[in-house]
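Engineer: Sharing run_39.cif, mmCIF, C-alpha atoms:
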data_work
#
loop_
_atom_site.label_atom_id
_atom_site.label_comp_id
_atom_site.auth_asym_id
_atom_site.auth_seq_id
_atom_site.Cartn_x
_atom_site.Cartn_y
_atom_site.Cartn_z
CA MET A 9 96.07 117.86 124.99
CA SER A 10 94.49 115.52 127.50
CA ALA A 11 95.98 112.06 127.59
CA ILE A 12 93.70 109.42 126.16
CA ASP A 13 94.02 105.69 126.30
CA ILE A 14 94.84 104.29 122.86
CA LYS A 15 95.68 100.82 121.65
CA GLY A 16 98.44 100.37 119.12
CA ALA A 17 101.35 102.65 118.28
CA GLU A 18 100.42 106.26 117.66
CA ILE A 19 101.15 107.13 114.04
CA VAL A 20 99.56 110.48 113.14
CA ARG A 21 97.36 113.23 114.51
CA GLY A 22 95.03 115.41 112.50
CA GLU A 23 91.89 117.48 112.44
CA VAL A 24 88.70 116.82 110.46
CA ARG A 25 88.65 119.27 107.54
CA SER A 26 85.47 121.10 106.64
CA GLU A 27 85.53 119.63 103.11
CA TRP A 28 85.37 116.14 104.64
CA ILE A 29 81.84 116.78 105.96
CA ASP A 30 78.90 115.40 103.98
CA LEU A 31 75.14 115.95 103.84
CA ASN A 32 74.68 114.05 107.09
CA GLY A 33 76.80 116.67 108.87
CA HIS A 34 79.63 114.32 109.72
CA MET A 35 82.90 113.06 108.29
CA ASN A 36 82.23 111.24 105.03
CA VAL A 37 83.12 107.57 104.47
CA ALA A 38 85.68 108.34 101.76
CA SER A 39 87.43 110.96 103.90
CA TYR A 40 88.12 108.39 106.60
CA VAL A 41 90.06 106.46 103.98
CA THR A 42 91.95 109.63 103.06
CA ALA A 43 92.85 110.19 106.72
CA PHE A 44 93.82 106.54 107.21
CA GLU A 45 95.93 106.62 104.06
CA VAL A 46 98.03 109.46 105.51
CA ALA A 47 98.63 107.22 108.52
CA VAL A 48 99.53 104.29 106.28
CA TYR A 49 102.15 106.40 104.52
CA ALA A 50 103.52 107.52 107.90
CA LEU A 51 103.71 103.86 108.92
CA TRP A 52 105.50 102.99 105.66
CA ALA A 53 108.01 105.75 106.44
CA ARG A 54 108.74 104.05 109.77
CA PHE A 55 109.45 100.88 107.78
CA GLY A 56 111.88 102.87 105.64
CA MET A 57 109.52 103.29 102.70
CA THR A 58 109.77 107.04 102.25
CA GLN A 59 109.40 109.07 99.06
CA GLU A 60 113.16 108.75 98.62
CA TYR A 61 112.80 104.98 98.92
CA GLN A 62 110.20 105.04 96.15
CA ARG A 63 112.44 107.15 93.96
CA ASP A 64 115.60 105.15 94.63
CA THR A 65 114.16 101.63 94.42
CA GLY A 66 111.22 102.14 92.06
CA ASN A 67 109.07 100.25 94.54
CA THR A 68 105.97 101.28 96.44
CA THR A 69 102.89 99.65 97.93
CA PHE A 70 99.40 99.31 96.52
CA ALA A 71 96.35 98.72 98.70
CA VAL A 72 94.63 95.53 97.65
CA GLU A 73 91.96 95.29 100.33
CA THR A 74 90.52 97.40 103.13
CA HIS A 75 87.83 96.80 105.70
CA THR A 76 86.52 99.82 107.56
CA THR A 77 84.22 99.92 110.56
CA TYR A 78 82.57 103.23 111.39
CA LYS A 79 81.96 103.48 115.13
CA ARG A 80 81.15 107.04 116.03
CA GLU A 81 80.71 110.28 114.14
CA LEU A 82 83.31 113.03 113.89
CA GLY A 83 82.48 116.62 112.97
CA ALA A 84 84.41 119.45 111.34
CA GLY A 85 87.41 120.55 113.40
CA ASP A 86 87.44 117.48 115.63
CA ALA A 87 90.96 116.38 116.47
CA TYR A 88 91.86 112.74 115.96
CA VAL A 89 94.76 110.41 116.55
CA ILE A 90 95.46 107.27 114.52
CA SER A 91 97.30 104.23 115.87
CA ALA A 92 98.58 101.18 114.03
CA LEU A 93 99.07 97.50 114.66
CA VAL A 94 100.60 95.00 112.26
CA LEU A 95 98.34 91.96 112.16
CA ALA A 96 100.42 89.90 109.76
CA TYR A 97 102.98 90.13 107.02
CA ASP A 98 104.77 87.91 104.56
CA ASP A 99 107.48 88.42 101.92
CA LYS A 100 105.60 91.13 100.06
CA ARG A 101 102.41 91.91 101.95
CA VAL A 102 101.59 93.58 105.22
CA HIS A 103 98.20 93.45 106.92
CA ASN A 104 97.72 96.46 109.20
CA PHE A 105 94.99 97.47 111.57
CA LEU A 106 94.51 101.16 112.29
CA ARG A 107 92.29 102.84 114.85
CA MET A 108 91.09 106.44 114.70
CA TYR A 109 90.30 107.97 118.08
CA ASP A 110 88.75 111.29 118.97
CA ALA A 111 91.80 113.05 120.41
CA GLN A 112 89.85 114.98 123.07
CA GLN A 113 87.33 112.47 124.37
CA GLY A 114 89.24 109.33 123.53
CA PHE A 115 86.40 107.38 121.91
CA LEU A 116 87.06 105.12 118.95
CA SER A 117 85.65 106.69 115.79
CA ALA A 118 86.66 104.15 113.15
CA THR A 119 88.94 101.22 112.41
CA ILE A 120 90.45 100.00 109.16
CA GLU A 121 92.20 96.84 108.10
CA TRP A 122 94.59 97.56 105.28
CA LEU A 123 96.32 94.95 103.18
CA GLY A 124 99.26 96.53 101.36
CA LEU A 125 101.22 94.82 98.61
CA HIS A 126 104.81 95.78 97.79
CA VAL A 127 105.07 96.45 94.03
CA SER A 128 107.48 97.56 91.37
CA ILE A 129 106.09 100.84 90.01
CA GLU A 130 107.45 100.20 86.53
CA GLN A 131 106.34 96.58 86.19
CA ARG A 132 103.15 97.05 88.24
CA ARG A 133 103.88 93.68 89.80
CA ALA A 134 104.37 92.42 93.35
CA VAL A 135 107.99 92.22 94.48
CA PRO A 136 109.50 91.06 97.81
CA TRP A 137 110.34 93.57 100.54
CA SER A 138 113.96 94.63 100.70
CA ASP A 139 115.79 93.06 103.65
CA ALA A 140 115.93 96.44 105.42
CA VAL A 141 112.18 97.07 105.12
CA ARG A 142 111.37 93.55 106.13
CA GLU A 143 113.56 93.89 109.20
CA CYS A 144 111.76 97.13 110.16
CA ILE A 145 108.39 95.41 109.86
CA ARG A 146 109.66 92.49 111.92
CA GLN A 147 110.90 94.81 114.66
CA PHE A 148 107.69 96.83 114.67
CA ALA A 149 105.55 93.71 114.92
CA GLY A 150 107.83 92.25 117.57
CA SER A 151 107.59 95.31 119.79
CA GLN A 152 103.81 95.47 119.85
CA PRO A 153 102.35 95.18 123.33
CA GLU A 154 99.10 93.80 122.01
CA SER A 155 99.03 90.05 121.50
CA ALA A 156 95.47 89.41 120.37
CA ALA A 157 93.76 90.32 117.13
CA PRO A 158 91.24 93.15 117.58
CA SER A 159 87.58 92.17 117.52
CA GLU A 160 87.00 94.33 114.43
CA ALA A 161 89.62 92.52 112.40
CA GLY A 162 87.81 90.11 110.14
CA ARG A 163 88.57 86.66 109.01
CA GLN A 164 88.40 87.46 105.35
CA ILE A 165 91.36 89.79 104.95
CA ARG A 166 94.32 87.68 105.86
CA LEU A 167 97.48 86.18 104.52
CA ARG A 168 97.60 82.55 103.59
CA LYS A 169 101.20 82.00 104.59
CA PRO A 170 102.18 84.76 106.98
CA VAL A 171 105.63 85.14 108.42
CA PHE A 172 104.04 86.75 111.47
CA SER A 173 100.41 86.76 112.50
CA VAL A 174 98.62 87.81 115.66
CA PHE A 175 95.89 85.35 114.71
CA GLY A 176 98.21 82.61 115.93
CA GLU A 177 98.15 78.94 115.09
CA GLU A 178 94.60 78.65 113.81
CA LEU A 179 95.83 79.79 110.38
CA MET B 29 83.44 90.50 76.83
CA ASN B 30 82.36 89.83 80.38
CA GLU B 31 78.79 89.97 81.58
CA LEU B 32 78.03 92.52 84.25
CA VAL B 33 76.81 91.08 87.53
CA GLY B 34 74.39 93.23 89.53
CA VAL B 35 72.01 96.03 88.70
CA GLU B 36 73.70 98.96 86.96
CA VAL B 37 73.40 102.03 89.19
CA LEU B 38 76.04 104.48 88.02
CA ARG B 39 78.35 105.33 85.13
CA GLY B 40 81.27 107.69 85.55
CA GLN B 41 84.75 108.64 84.47
CA VAL B 42 87.92 108.80 86.56
CA LEU B 43 88.58 112.47 87.29
CA PRO B 44 92.11 113.96 87.13
CA GLU B 45 92.00 114.88 90.84
CA TRP B 46 91.37 111.23 91.73
CA ILE B 47 94.85 110.20 90.53
CA ASP B 48 97.59 109.76 93.12
CA ILE B 49 101.38 109.57 93.20
CA ASN B 50 101.20 106.01 91.86
CA ASN B 51 99.51 107.35 88.72
CA HIS B 52 96.25 105.48 89.27
CA MET B 53 92.91 106.11 90.94
CA ASN B 54 93.49 106.64 94.66
CA VAL B 55 91.92 104.34 97.25
CA ALA B 56 89.77 107.03 98.86
CA TYR B 57 88.21 107.99 95.52
CA TYR B 58 87.02 104.45 94.93
CA VAL B 59 85.13 104.83 98.18
CA LEU B 60 83.81 108.21 96.98
CA ALA B 61 82.69 106.69 93.65
CA PHE B 62 81.02 103.78 95.45
CA ASP B 63 79.39 106.23 97.87
CA GLN B 64 77.92 108.10 94.90
CA ALA B 65 76.58 104.78 93.60
CA VAL B 66 75.01 104.16 97.01
CA ASP B 67 73.23 107.52 96.73
CA ASP B 68 71.89 106.53 93.30
CA LEU B 69 70.67 103.20 94.65
CA TRP B 70 69.02 104.93 97.62
CA GLU B 71 67.16 107.20 95.18
CA ARG B 72 65.58 104.10 93.68
CA PHE B 73 64.36 103.26 97.17
CA GLY B 74 62.99 106.79 97.66
CA ILE B 75 65.83 107.99 99.89
CA THR B 76 66.37 111.23 98.01
CA ASP B 77 67.81 114.52 99.29
CA GLU B 78 64.22 115.76 99.72
CA HIS B 79 63.27 112.66 101.67
CA ILE B 80 66.27 113.12 103.97
CA GLU B 81 65.43 116.77 104.53
CA GLN B 82 61.68 116.37 105.01
CA HIS B 83 61.65 113.22 107.13
CA GLY B 84 65.00 113.37 108.94
CA SER B 85 65.50 109.85 107.66
CA SER B 86 68.89 108.89 106.26
CA THR B 87 71.47 106.11 106.38
CA PHE B 88 74.91 105.90 107.92
CA ALA B 89 77.57 103.46 106.71
CA VAL B 90 78.74 101.26 109.56
CA GLU B 91 81.08 98.97 107.67
CA SER B 92 82.70 98.77 104.25
CA HIS B 93 85.00 96.24 102.66
CA ILE B 94 86.81 97.13 99.46
CA THR B 95 88.88 94.90 97.18
CA TRP B 96 91.03 96.26 94.37
CA GLN B 97 91.25 94.00 91.34
CA ARG B 98 92.95 96.10 88.67
CA GLU B 99 94.16 99.66 88.27
CA ILE B 100 92.11 102.34 86.55
CA SER B 101 93.53 105.63 85.24
CA GLU B 102 92.50 109.18 84.50
CA GLY B 103 89.65 109.56 82.04
CA GLU B 104 88.74 105.88 81.98
CA PRO B 105 85.01 105.16 82.08
CA TYR B 106 83.50 102.86 84.67
CA ILE B 107 80.18 101.27 85.54
CA ILE B 108 79.08 100.45 89.09
CA THR B 109 76.51 97.72 89.75
CA SER B 110 74.79 96.74 92.97
CA GLN B 111 73.63 93.41 94.35
CA VAL B 112 71.65 93.58 97.58
CA LEU B 113 72.89 90.72 99.73
CA ALA B 114 70.58 91.12 102.70
CA TYR B 115 68.44 93.56 104.59
CA ASP B 116 66.33 93.72 107.72
CA GLU B 117 64.05 96.31 109.34
CA LYS B 118 66.82 98.87 109.70
CA ARG B 119 69.91 97.63 107.85
CA ILE B 120 70.93 96.93 104.30
CA HIS B 121 73.95 94.89 103.20
CA GLN B 122 74.88 95.27 99.59
CA PHE B 123 77.71 94.47 97.25
CA MET B 124 78.92 96.74 94.47
CA ARG B 125 81.19 96.02 91.54
CA MET B 126 83.11 98.61 89.58
CA TYR B 127 83.76 97.54 86.00
CA HIS B 128 85.84 99.18 83.33
CA ALA B 129 83.12 100.36 80.95
CA ASN B 130 85.05 99.39 77.78
CA ASP B 131 86.23 95.84 78.38
CA LYS B 132 83.94 95.10 81.35
CA THR B 133 86.80 93.85 83.51
CA LEU B 134 86.30 94.12 87.25
CA CYS B 135 88.31 96.99 88.80
CA ALA B 136 87.10 96.88 92.40
CA THR B 137 84.36 95.61 94.68
CA ALA B 138 82.74 97.21 97.71
CA GLU B 139 80.69 95.47 100.34
CA TRP B 140 78.72 98.01 102.31
CA MET B 141 76.54 97.86 105.41
CA ASN B 142 74.22 100.76 106.15
CA LEU B 143 71.93 101.54 109.03
CA HIS B 144 68.77 103.57 108.73
CA VAL B 145 68.96 106.47 111.18
CA ASP B 146 66.70 109.16 112.56
CA ILE B 147 68.87 112.21 111.84
CA SER B 148 67.31 114.33 114.62
CA VAL B 149 68.47 111.96 117.35
CA ARG B 150 71.25 110.29 115.33
CA ARG B 151 69.99 106.88 116.29
CA VAL B 152 69.05 103.71 114.46
CA ALA B 153 65.40 103.63 113.41
CA PRO B 154 63.29 101.22 111.33
CA TRP B 155 62.94 101.95 107.61
CA PRO B 156 59.79 103.89 106.75
CA ALA B 157 57.26 101.34 105.36
CA ARG B 158 57.41 102.81 101.87
CA ILE B 159 61.21 102.42 101.71
CA LEU B 160 61.14 98.91 103.16
CA ASP B 161 58.62 98.07 100.45
CA ALA B 162 60.81 99.60 97.72
CA ILE B 163 63.79 97.52 98.89
CA ALA B 164 61.62 94.38 98.87
CA ARG B 165 60.46 95.10 95.33
CA HIS B 166 64.03 95.78 94.22
CA VAL B 167 65.44 92.50 95.54
CA ALA B 168 62.53 90.56 94.03
CA VAL B 169 63.58 91.63 90.54
CA GLN B 170 67.31 92.37 90.87
CA GLY B 171 68.37 89.01 89.45
CA GLU B 172 69.71 85.71 90.78
CA TRP B 173 73.38 85.81 91.58
CA PRO B 174 75.29 83.77 94.13
CA TRP B 175 76.94 85.32 97.16
CA PRO B 176 80.09 87.05 95.85
CA GLU B 177 83.36 85.42 96.80
CA GLU B 178 84.80 88.80 97.83
CA ALA B 179 82.06 89.34 100.38
CA CYS B 180 83.53 88.51 103.75
CA GLU B 181 81.70 86.65 106.40
CA HIS B 182 81.71 89.14 109.24
CA ILE B 183 79.80 91.92 107.46
CA ARG B 184 76.31 90.60 107.73
CA VAL B 185 72.75 91.21 108.80
CA PRO B 186 72.15 88.97 111.84
CA ARG B 187 68.52 88.20 111.10
CA PRO B 188 67.91 89.03 107.44
CA LEU B 189 64.56 89.28 105.78
CA TYR B 190 66.30 88.43 102.56
CA SER B 191 69.67 86.85 101.95
CA ALA B 192 71.33 85.86 98.68
CA ALA B 193 72.08 82.17 98.24
CA GLY B 194 75.52 80.87 99.19
CA GLY B 195 76.01 83.27 102.11
CA PRO B 196 78.11 82.60 105.19
CA ASP B 197 75.17 81.09 107.05
CA ASP B 198 74.36 78.56 104.34
#
Let me see the structure of the file written as structure tokens.

Structural biologist:
Amino acid sequence: MSAIDIKGAEIVRGEVRSEWIDLNGHMNVASYVTAFEVAVYALWARFGMTQEYQRDTGNTTFAVETHTTYKRELGAGDAYVISALVLAYDDKRVHNFLRMYDAQQGFLSATIEWLGLHVSIEQRRAVPWSDAVRECIRQFAGSQPESAAPSEAGRQIRLRKPVFSVFGEEL
Amino acid sequence: MNELVGVEVLRGQVLPEWIDINNHMNVAYYVLAFDQAVDDLWERFGITDEHIEQHGSSTFAVESHITWQREISEGEPYIITSQVLAYDEKRIHQFMRMYHANDKTLCATAEWMNLHVDISVRRVAPWPARILDAIARHVAVQGEWPWPEEACEHIRVPRPLYSAAGGPDD
């Protein structure tokens, strides 16, 4: 695997499946979300939110908003790598930014902003992060080399009262 | 009962394989359902499978913005409407709403920007005149609705031929 230059922390690698290809001969819009969702779950696992966590605490996350930009086509069998950046979080929300790169050539294929809400599965209501998860998110955000919000990250998806935000003081 | 906003383009039902571990419709399948609605809207503009095949003229999504408003479960019926927000010579910016078909509550919204492309060279190309005309006729009669509050300001046509009132540039 040739080394490519990626921004953000590498989260998952994968390959475009043949069933993800649409009439236009490229990876379909919905399949990007499927691929990004796998990365989101891998990121949650780094924050301590594994399947066991779900089972033991009865809590999970629901996506409430996403914003995808499609930059360059991927075809069947193309290898990709997805990286993540935390843009902001608060007591029960985390606003992530993920990039999907072509793993061979290194070009950016797509980006997604993902606003996840921590919820009680039984009550279907938002609940605060546990202290342990919150600490993991804080550490992850604190260790990010990148200090500026990516140009693709919009102004619309954002937290009103973030605990951490790469958007800085203008909020 | 709520009034639907937008032009009805598609009715469907949540399929069993669209349900995820959280026992509700999975995020990616909303995008799939909205993508199917886009295809139905395109058909009204003359962008059919035959058109794509014969003329090498199709559209690629360049940006989408989804908001989830309430959960929807297996077997539940839904309606998707479309409101064209703006278009120019080679782009179209439209806003879709997914309603629960029974109580007409809003389940999700999707803001979608598409480019018209020449499939043979995979590059942006102007709409064929007949399709541009069909889009113009559609927006003239689609109805008068304000710019949706969910529609974010950075998905936009820079120099629109048509733009719904209340947009980010107003």

Engineer: Which of these residues is nearest to chain B, using all atoms listed in the file: A:Thr58, A:Thr77, A:Thr119, A:Thr68?

Structural biologist: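 Nearest to chain B: A:Thr77.
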
Engineer: Written as a list in words, which residues does the PyMOL selection byres ((chain A) within 6 of (chain B)) give for the file shown?

Structural biologist: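 This file, filtered by the PyMOL selection byres ((chain A) within 6 of (chain B)), leaves Ala38, Val41, Thr42, Val72, Glu73, Thr74, His75, Thr76, Thr77, Tyr78 and Gln164 of chain A.
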
Engineer: Given the file above and the PyMOL selection byres ((chain A and resi 99-104) around 10), which residues are selected, and can you give them as number ranges by chain?

Structural biologist: A: 48, 51, 69-74, 92-98, 105-106, 120-127, 134-139, 142, 145, 161, 165-167, 169-173

Engineer: Segment 58-62 of chain B, all listed atoms, 5 Å padding on each side: what axis-aligned box centre and edge lengths in Å to one decimal come out, as AutoDock Vina command-line options?

Structural biologist:
--center_x 84.0 --center_y 106.0 --center_z 95.9 --size_x 16.0 --size_y 14.4 --size_z 14.5

Engineer: Taking into account only C-alpha atoms, which residue in the set A:Val46, A:Ile12, A:Ile29, A:Ala157 is nearest to Tyr109 of chain A?

Structural biologist: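 Selected residue with least distance to Tyr109 of chain A: A:Ile12.
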
Engineer: As an exercise, work out the distance from atom CA of Asp146 of chain B to atom CA of Phe73 of chain B in Å and give it to one decimal place.

Structural biologist: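 Those two atoms sit 16.6 Å apart.
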
Engineer: When you count all atoms listed in the file, which of these residues is closest to Lys79 of chain A: A:Arg54, A:Arg146, A:Arg107, A:Lys15?

Structural biologist: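 Closest candidate: A:Arg107.
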
Engineer: In Å to one decimal, how far is atom CA of Gly83 of chain A from atom CA of Trp28 of chain A?

Structural biologist: 8.8 Å

Engineer: For Asp116 of chain B, which of B:Ala164, B:Gly103, B:Asp131, B:Arg158 is the closest residue, counting all atoms listed in the file?

Structural biologist: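 With all atoms listed in the file as the atom set, the closest residue is B:Ala164.
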
Engineer: Which residues, named as in the file, does the PyMOL selection byres ((chain A and resi 110) around 8) pick out? Answer as a list in words.

Structural biologist: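 Applied to this file, the PyMOL selection byres ((chain A and resi 110) around 8) returns Leu82, Asp86, Ala87, Tyr88, Val89, Met108, Tyr109, Ala111, Gln112, Gln113, Gly114, Phe115, Leu116 and Ser117 of chain A.
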
Engineer: Would you list the contacts of Leu32 of chain B as a ChimeraX atom specification, taking every protein, DNA or RNA residue within 9 Å and counting only C-alpha atoms, but skipping same-chain residues closer than 6 positions in sequence?

Structural biologist: /B:109,125,127,132-134

Engineer: Could you check how far atom CA of Trp173 of chain B sits from atom CA of Val33 of chain B, in Å to one decimal?

Structural biologist: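 Calculated distance between atom CA of Trp173 of chain B and atom CA of Val33 of chain B is 7.5 Å.
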
Engineer: What would the list of residues within 8 Å of (108.5, 100.9, 92.2) (file frame) look like as a list in words, if all atoms listed in the file are what count?

Structural biologist: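 These residues have at least one counted atom within 8 Å: Gln62, Arg63, Thr65, Gly66, Asn67, Thr68, Val127, Ser128, Ile129, Glu130, Gln131 and Arg132 of chain A.
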
Engineer: With only C-alpha atoms as the counted atoms, please give the residues lying no more than 9 Å from His144 of chain B, apart from itself and same-chain residues fewer than 3 positions off, as a list in words.

Structural biologist: Ser85, Ser86, Thr87, Phe88, Glu117, Lys118, Arg119, Ile120, Arg151, Val152, Ala153, Pro154 and Trp155 of chain B

Engineer: Using all atoms listed in the file, which residues sit within 10 Å of Glu104 of chain B once same-chain residues fewer than 4 positions away are excluded, as a list in words?

Structural biologist: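 Listing them by chain and then by number gives Gly40, Gln41, Val42, Leu43, Met53, Ile100, His128, Ala129 and Asn130 of chain B.
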
Engineer: For Phe44 of chain A, which residue out of A:Gln147, A:Ser159, A:Ser91, A:Ser26 is the nearest one, using all atoms listed in the file?

Structural biologist: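 Smallest separation from Phe44 of chain A among the options: A:Ser91.
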
Engineer: Ranking B:Gln64, B:Thr76, B:Gln82, B:Asn30 by minimum distance to Ile108 of chain B and counting only C-alpha atoms, which one comes first?

Structural biologist: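 Distance minimum relative to Ile108 of chain B lands on B:Gln64.
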
Engineer: As a short mmCIF file (atom, residue, chain, number, x, y, z; two decimals), in the frame of the given file, could you write out segment 84-101 of chain A once it has been completed with N, CA and C atoms?

Structural biologist:
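To be explicit, this is the file written out as rebuild.cif:
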data_model
loop_
_atom_site.label_atom_id
_atom_site.label_comp_id
_atom_site.auth_asym_id
_atom_site.auth_seq_id
_atom_site.Cartn_x
_atom_site.Cartn_y
_atom_site.Cartn_z
N ALA A 84 83.36 118.54 111.81
CA ALA A 84 84.41 119.45 111.34
C ALA A 84 85.22 119.99 112.51
N GLY A 85 86.53 120.00 112.38
CA GLY A 85 87.41 120.55 113.40
C GLY A 85 87.78 119.59 114.51
N ASP A 86 87.11 118.45 114.58
CA ASP A 86 87.44 117.48 115.63
C ASP A 86 88.88 116.96 115.44
N ALA A 87 89.59 116.89 116.52
CA ALA A 87 90.96 116.38 116.47
C ALA A 87 90.95 114.87 116.62
N TYR A 88 91.81 114.20 115.87
CA TYR A 88 91.86 112.74 115.96
C TYR A 88 93.31 112.27 116.05
N VAL A 89 93.45 111.05 116.52
CA VAL A 89 94.76 110.41 116.55
C VAL A 89 94.58 109.01 115.97
N ILE A 90 95.53 108.59 115.15
CA ILE A 90 95.46 107.27 114.52
C ILE A 90 96.62 106.41 115.01
N SER A 91 96.28 105.18 115.41
CA SER A 91 97.30 104.23 115.87
C SER A 91 97.33 103.05 114.91
N ALA A 92 98.43 102.32 114.95
CA ALA A 92 98.58 101.18 114.03
C ALA A 92 99.07 99.94 114.75
N LEU A 93 98.67 98.82 114.18
CA LEU A 93 99.07 97.50 114.66
C LEU A 93 99.33 96.68 113.39
N VAL A 94 100.40 95.92 113.38
CA VAL A 94 100.60 95.00 112.26
C VAL A 94 99.95 93.67 112.65
N LEU A 95 99.00 93.23 111.86
CA LEU A 95 98.34 91.96 112.16
C LEU A 95 99.13 90.79 111.59
N ALA A 96 99.71 90.99 110.43
CA ALA A 96 100.42 89.90 109.76
C ALA A 96 101.26 90.48 108.63
N TYR A 97 102.25 89.75 108.24
CA TYR A 97 102.98 90.13 107.02
C TYR A 97 103.60 88.89 106.43
N ASP A 98 104.00 88.98 105.18
CA ASP A 98 104.77 87.91 104.56
C ASP A 98 105.86 88.57 103.71
N ASP A 99 106.34 87.89 102.68
CA ASP A 99 107.48 88.42 101.92
C ASP A 99 107.17 89.69 101.14
N LYS A 100 105.92 89.94 100.84
CA LYS A 100 105.60 91.13 100.06
C LYS A 100 104.30 91.81 100.45
N ARG A 101 103.68 91.32 101.50
CA ARG A 101 102.41 91.91 101.95
C ARG A 101 102.50 92.27 103.42
#
